[in-house]
Amino acid sequence: MKVVVAHNRYRSELPSGENVIVDLEMAQLEAAGVTVLPFLRSSDDIPSLSAAQKVLLPISPIWAPSAQKDLARLLREERPDVLHLHNPYPLLSPWVVRTAHAHGVPVVQTVHNYRQVCAPGLYFRDGHACHECRGKAFALPAIKHKCYRGSTAQSAIMATTLAVHRSTWRSVDRYIALTEAIADHLRDYGITDRQITVKPNAVEDPGPPPAAGDGLLFAARLSPEKGLGLLLDAWRRHPDGALGRLRIAGDGELRPLAEQVAAERADVEYLGPMDRMGVRAALRTSAMVAVPSTWHDVLPTAILEALANGRPVIGTNLGGIPYLIDNAGFAVPPTVDDWAAALPDALKAAPTLTDVARRRYLDTFHPDVVTGQLLAVYDSLRRP
């Protein structure tokens, strides 16, 4: 079987669970005997584009002509069975769906966010959940609020893209909804049940976990929707040292906040930006992982990594987080009062949940389980 995997990689300076998952999934497919044909672009390449390419950059979310030309050549030469799309923005464009269909190739898309409806894909604005563009033929509120990168012009382009490609998205042969919540989001958009398969992501097996470490780890992009402010406000409700140790790994706009609290309290440590292996090492010496997202986070890779390493999770009860945690931790409403109340009991219980967390991973998020589900989707779409 031949599968084209199409993905626009997010900028490398911003940690991206989606980039990680795409890389892991390609490796898992190759291990299962699939011929993977990567069709990748990277937002890191934008500064080095030619002058002519930069002129066309504003329209690339809508069309991206050079990407369509390159994809058409790949499809003609390789005659793949399926094209599997992840993120099309900004250098691929949803037009890749039309290009694939023009060559008789069915399309699968994994839905990692809410980008069919929401310009930034988060359903999150100005520190709170926002659904103003839901159900609208044109996402005018996104322009009004400068939702895409704080720019009226770029938000207008994304709003236009969403309107132009409404029929494109509805033509996708099969959607991979990472949770039932995402399946509901797709149904609300007009996608039929026969176009939807619910299948989570997987991360590779790091092997049997060590005994529980100590303290709480937050490892994510330091941006408002990831909830670092919520976690720190709840943590500071307790005397210094009362909860053990909180370690923070990552980078982003809230880095000054992490550094400030680490300077103020002996029980908070800022580890700085870390690669995946560094995060895994920190995770395996912790007792529990915190995922205090204040947006409807679809399927945080941090939770999969925690469960794979036998670490329970305390997370908010938003998006796909409760589904992921199940009985391997605690899902808490996204308020400071609720988190401040939950932290002591969660950290006390954490060492008893190591085996539960590991079992949750092995049963649901192990590559042997998830890759088989993905191959079944591909097989159902292959041409006779």
# chains A, B, ... in the order shown; residues from 1 in each chain; ligands from 1

$ residues_around --residues "Pro88 in chain A" --least-positions-apart "2" --cutoff "9 Å" --atoms "only C-alpha atoms" --output "list in words"
Ala6, His7, Asn8, Arg9, Arg41, Pro61, Leu85, His86, Pro90, Leu91, Leu92, Ser93, Pro94, Trp95 and Val96 of chain A

$ residues_around --residues "Val3 in chain A" --least-positions-apart "4" --cutoff "12 Å" --atoms "only C-alpha atoms" --output "number ranges by chain"
A: 25-26, 29-30, 33-39, 74-75, 78-85, 100, 105-108, 374-375, 377-379, 381-382

$ closest_residue --among "A:Gly319, A:Gly272, A:Pro120, A:Pro300" --to "Ala249 in chain A" --atoms "only C-alpha atoms"
A:Gly272

$ select_by_dssp --residues "range 220-319 of chain A" --states "strand (DSSP E or B)" --output "list in words"
Leu246, Arg247, Ile248, Ala249, Val268, Glu269, Tyr270, Leu271, Gly272, Met288, Val289, Ala290, Val291, Val313, Ile314, Gly315 and Thr316 of chain A

$ write_last_selection --atoms "N, CA, C and O atoms" --output "short mmCIF file (atom, residue, chain, number, x, y, z; two decimals), in the first residue's frame"
data_model
loop_
_atom_site.label_atom_id
_atom_site.label_comp_id
_atom_site.auth_asym_id
_atom_site.auth_seq_id
_atom_site.Cartn_x
_atom_site.Cartn_y
_atom_site.Cartn_z
N LEU A 246 6.79 21.63 41.70
CA LEU A 246 6.21 21.86 40.38
C LEU A 246 7.33 22.24 39.43
O LEU A 246 8.06 23.20 39.68
N ARG A 247 7.46 21.49 38.34
CA ARG A 247 8.45 21.81 37.31
C ARG A 247 7.73 22.19 36.03
O ARG A 247 6.72 21.56 35.67
N ILE A 248 8.26 23.18 35.34
CA ILE A 248 7.65 23.72 34.12
C ILE A 248 8.65 23.62 32.99
O ILE A 248 9.78 24.11 33.10
N ALA A 249 8.25 22.95 31.90
CA ALA A 249 9.10 22.83 30.71
C ALA A 249 8.37 23.41 29.52
O ALA A 249 7.18 23.14 29.32
N VAL A 268 8.89 25.76 42.92
CA VAL A 268 8.62 25.86 41.49
C VAL A 268 9.94 26.00 40.75
O VAL A 268 10.77 26.85 41.10
N GLU A 269 10.13 25.16 39.74
CA GLU A 269 11.36 25.20 38.94
C GLU A 269 11.00 25.34 37.46
O GLU A 269 10.17 24.58 36.95
N TYR A 270 11.62 26.30 36.79
CA TYR A 270 11.43 26.45 35.36
C TYR A 270 12.59 25.76 34.65
O TYR A 270 13.75 26.16 34.80
N LEU A 271 12.29 24.74 33.86
CA LEU A 271 13.32 23.94 33.20
C LEU A 271 13.74 24.52 31.85
O LEU A 271 14.75 24.11 31.30
N GLY A 272 12.94 25.45 31.31
CA GLY A 272 13.25 26.03 30.01
C GLY A 272 12.75 25.17 28.87
O GLY A 272 12.08 24.15 29.07
N MET A 288 3.31 12.99 38.57
CA MET A 288 2.07 13.30 37.86
C MET A 288 2.32 14.40 36.86
O MET A 288 3.25 15.19 37.01
N VAL A 289 1.47 14.46 35.83
CA VAL A 289 1.56 15.49 34.79
C VAL A 289 0.31 16.36 34.84
O VAL A 289 -0.81 15.86 35.02
N ALA A 290 0.50 17.66 34.69
CA ALA A 290 -0.60 18.62 34.69
C ALA A 290 -0.89 19.07 33.26
O ALA A 290 0.02 19.46 32.53
N VAL A 291 -2.17 19.03 32.87
CA VAL A 291 -2.61 19.54 31.56
C VAL A 291 -3.81 20.46 31.82
O VAL A 291 -4.97 20.07 31.65
N VAL A 313 -2.52 11.79 35.23
CA VAL A 313 -2.67 13.17 34.76
C VAL A 313 -3.76 13.87 35.53
O VAL A 313 -4.82 13.29 35.81
N ILE A 314 -3.52 15.12 35.87
CA ILE A 314 -4.58 16.01 36.31
C ILE A 314 -4.78 17.03 35.19
O ILE A 314 -3.82 17.71 34.78
N GLY A 315 -5.99 17.07 34.64
CA GLY A 315 -6.27 17.96 33.53
C GLY A 315 -7.62 18.62 33.70
O GLY A 315 -8.40 18.27 34.61
N THR A 316 -7.92 19.57 32.85
CA THR A 316 -9.23 20.19 32.87
C THR A 316 -10.25 19.26 32.21
O THR A 316 -9.89 18.33 31.49
#

$ closest_residue --among "A:Trp339, A:Tyr114, A:Trp63, A:Phe365" --to "Ala234 in chain A" --atoms "only C-alpha atoms"
A:Trp339

$ residues_around --residues "Gly135 in chain A" --least-positions-apart "2" --cutoff "10 Å" --atoms "only C-alpha atoms" --output "MDAnalysis selection string"
chainID A and resid 117 131:133 137:139 188:190

$ residues_around --residues "Tyr323 in chain A" --least-positions-apart "6" --cutoff "12 Å" --atoms "only C-alpha atoms" --output "PDB file with N, CA and C atoms, in the first residue's frame"
ATOM      1  N   LEU A 178     -10.343  12.366  16.399  1.00  0.00           N
ATOM      2  CA  LEU A 178      -9.519  11.814  17.476  1.00  0.00           C
ATOM      3  C   LEU A 178     -10.327  11.444  18.711  1.00  0.00           C
ATOM      4  N   THR A 179     -11.497  12.062  18.854  1.00  0.00           N
ATOM      5  CA  THR A 179     -12.404  11.744  19.958  1.00  0.00           C
ATOM      6  C   THR A 179     -13.833  11.902  19.458  1.00  0.00           C
ATOM      7  N   GLU A 180     -14.785  11.448  20.263  1.00  0.00           N
ATOM      8  CA  GLU A 180     -16.195  11.634  19.927  1.00  0.00           C
ATOM      9  C   GLU A 180     -16.553  13.120  19.906  1.00  0.00           C
ATOM     10  N   ALA A 181     -15.869  13.931  20.721  1.00  0.00           N
ATOM     11  CA  ALA A 181     -16.137  15.371  20.712  1.00  0.00           C
ATOM     12  C   ALA A 181     -15.808  15.968  19.345  1.00  0.00           C
ATOM     13  N   ILE A 182     -14.723  15.518  18.727  1.00  0.00           N
ATOM     14  CA  ILE A 182     -14.378  16.000  17.388  1.00  0.00           C
ATOM     15  C   ILE A 182     -15.366  15.454  16.360  1.00  0.00           C
ATOM     16  N   PRO A 200      -7.956   7.466  18.035  1.00  0.00           N
ATOM     17  CA  PRO A 200      -6.995   8.356  18.690  1.00  0.00           C
ATOM     18  C   PRO A 200      -5.614   8.279  18.055  1.00  0.00           C
ATOM     19  N   ASP A 297      -9.043  21.449  24.195  1.00  0.00           N
ATOM     20  CA  ASP A 297      -7.891  20.747  23.646  1.00  0.00           C
ATOM     21  C   ASP A 297      -8.336  19.391  23.105  1.00  0.00           C
ATOM     22  N   VAL A 298      -7.950  19.099  21.864  1.00  0.00           N
ATOM     23  CA  VAL A 298      -8.498  17.932  21.170  1.00  0.00           C
ATOM     24  C   VAL A 298      -7.926  16.634  21.716  1.00  0.00           C
ATOM     25  N   LEU A 299      -6.628  16.474  21.656  1.00  0.00           N
ATOM     26  CA  LEU A 299      -5.990  15.250  22.113  1.00  0.00           C
ATOM     27  C   LEU A 299      -4.530  15.577  22.426  1.00  0.00           C
ATOM     28  N   PRO A 300      -4.273  16.167  23.593  1.00  0.00           N
ATOM     29  CA  PRO A 300      -2.909  16.620  23.918  1.00  0.00           C
ATOM     30  C   PRO A 300      -1.905  15.471  23.948  1.00  0.00           C
ATOM     31  N   ILE A 303      -0.540  14.140  27.282  1.00  0.00           N
ATOM     32  CA  ILE A 303      -1.243  13.109  28.054  1.00  0.00           C
ATOM     33  C   ILE A 303      -0.860  11.720  27.566  1.00  0.00           C
ATOM     34  N   LEU A 304      -0.760  11.539  26.250  1.00  0.00           N
ATOM     35  CA  LEU A 304      -0.344  10.235  25.728  1.00  0.00           C
ATOM     36  C   LEU A 304       1.050   9.864  26.242  1.00  0.00           C
ATOM     37  N   VAL A 313      -2.523  11.790  35.233  1.00  0.00           N
ATOM     38  CA  VAL A 313      -2.669  13.166  34.757  1.00  0.00           C
ATOM     39  C   VAL A 313      -3.765  13.874  35.534  1.00  0.00           C
ATOM     40  N   GLY A 315      -5.992  17.071  34.643  1.00  0.00           N
ATOM     41  CA  GLY A 315      -6.274  17.958  33.530  1.00  0.00           C
ATOM     42  C   GLY A 315      -7.622  18.620  33.700  1.00  0.00           C
ATOM     43  N   THR A 316      -7.915  19.574  32.848  1.00  0.00           N
ATOM     44  CA  THR A 316      -9.233  20.185  32.873  1.00  0.00           C
ATOM     45  C   THR A 316     -10.248  19.256  32.212  1.00  0.00           C
ATOM     46  N   ASN A 317     -11.517  19.533  32.473  1.00  0.00           N
ATOM     47  CA  ASN A 317     -12.577  18.686  31.914  1.00  0.00           C
ATOM     48  C   ASN A 317     -13.095  19.250  30.598  1.00  0.00           C
ATOM     49  N   GLY A 329      -6.347   9.314  36.450  1.00  0.00           N
ATOM     50  CA  GLY A 329      -6.081  10.662  36.935  1.00  0.00           C
ATOM     51  C   GLY A 329      -7.363  11.400  37.251  1.00  0.00           C
ATOM     52  N   PHE A 330      -7.323  12.721  37.061  1.00  0.00           N
ATOM     53  CA  PHE A 330      -8.409  13.579  37.506  1.00  0.00           C
ATOM     54  C   PHE A 330      -8.727  14.629  36.445  1.00  0.00           C
ATOM     55  N   ALA A 331     -10.016  14.790  36.121  1.00  0.00           N
ATOM     56  CA  ALA A 331     -10.480  15.842  35.223  1.00  0.00           C
ATOM     57  C   ALA A 331     -11.216  16.878  36.067  1.00  0.00           C
ATOM     58  N   ARG A 360      -3.912   2.051  30.693  1.00  0.00           N
ATOM     59  CA  ARG A 360      -4.731   2.883  29.806  1.00  0.00           C
ATOM     60  C   ARG A 360      -4.011   3.085  28.473  1.00  0.00           C
ATOM     61  N   THR A 364      -5.300   1.395  24.736  1.00  0.00           N
ATOM     62  CA  THR A 364      -5.981   2.345  23.853  1.00  0.00           C
ATOM     63  C   THR A 364      -5.056   3.136  22.943  1.00  0.00           C
ATOM     64  N   PHE A 365      -3.830   3.444  23.375  1.00  0.00           N
ATOM     65  CA  PHE A 365      -2.979   4.381  22.645  1.00  0.00           C
ATOM     66  C   PHE A 365      -1.648   3.791  22.196  1.00  0.00           C
TER      67      PHE A 365
END

$ residues_around --residues "range 147-160 of chain A" --least-positions-apart "2" --cutoff "8 Å" --atoms "only C-alpha atoms" --output "list of chain:residue names"
A:Pro58, A:Ile59, A:Pro61, A:Ile62, A:Ala119, A:Pro120, A:Arg125, A:Phe138, A:Ala139, A:Leu140, A:Ala142, A:Ile143, A:Lys144, A:His145, A:Leu162, A:Ala163, A:Val164
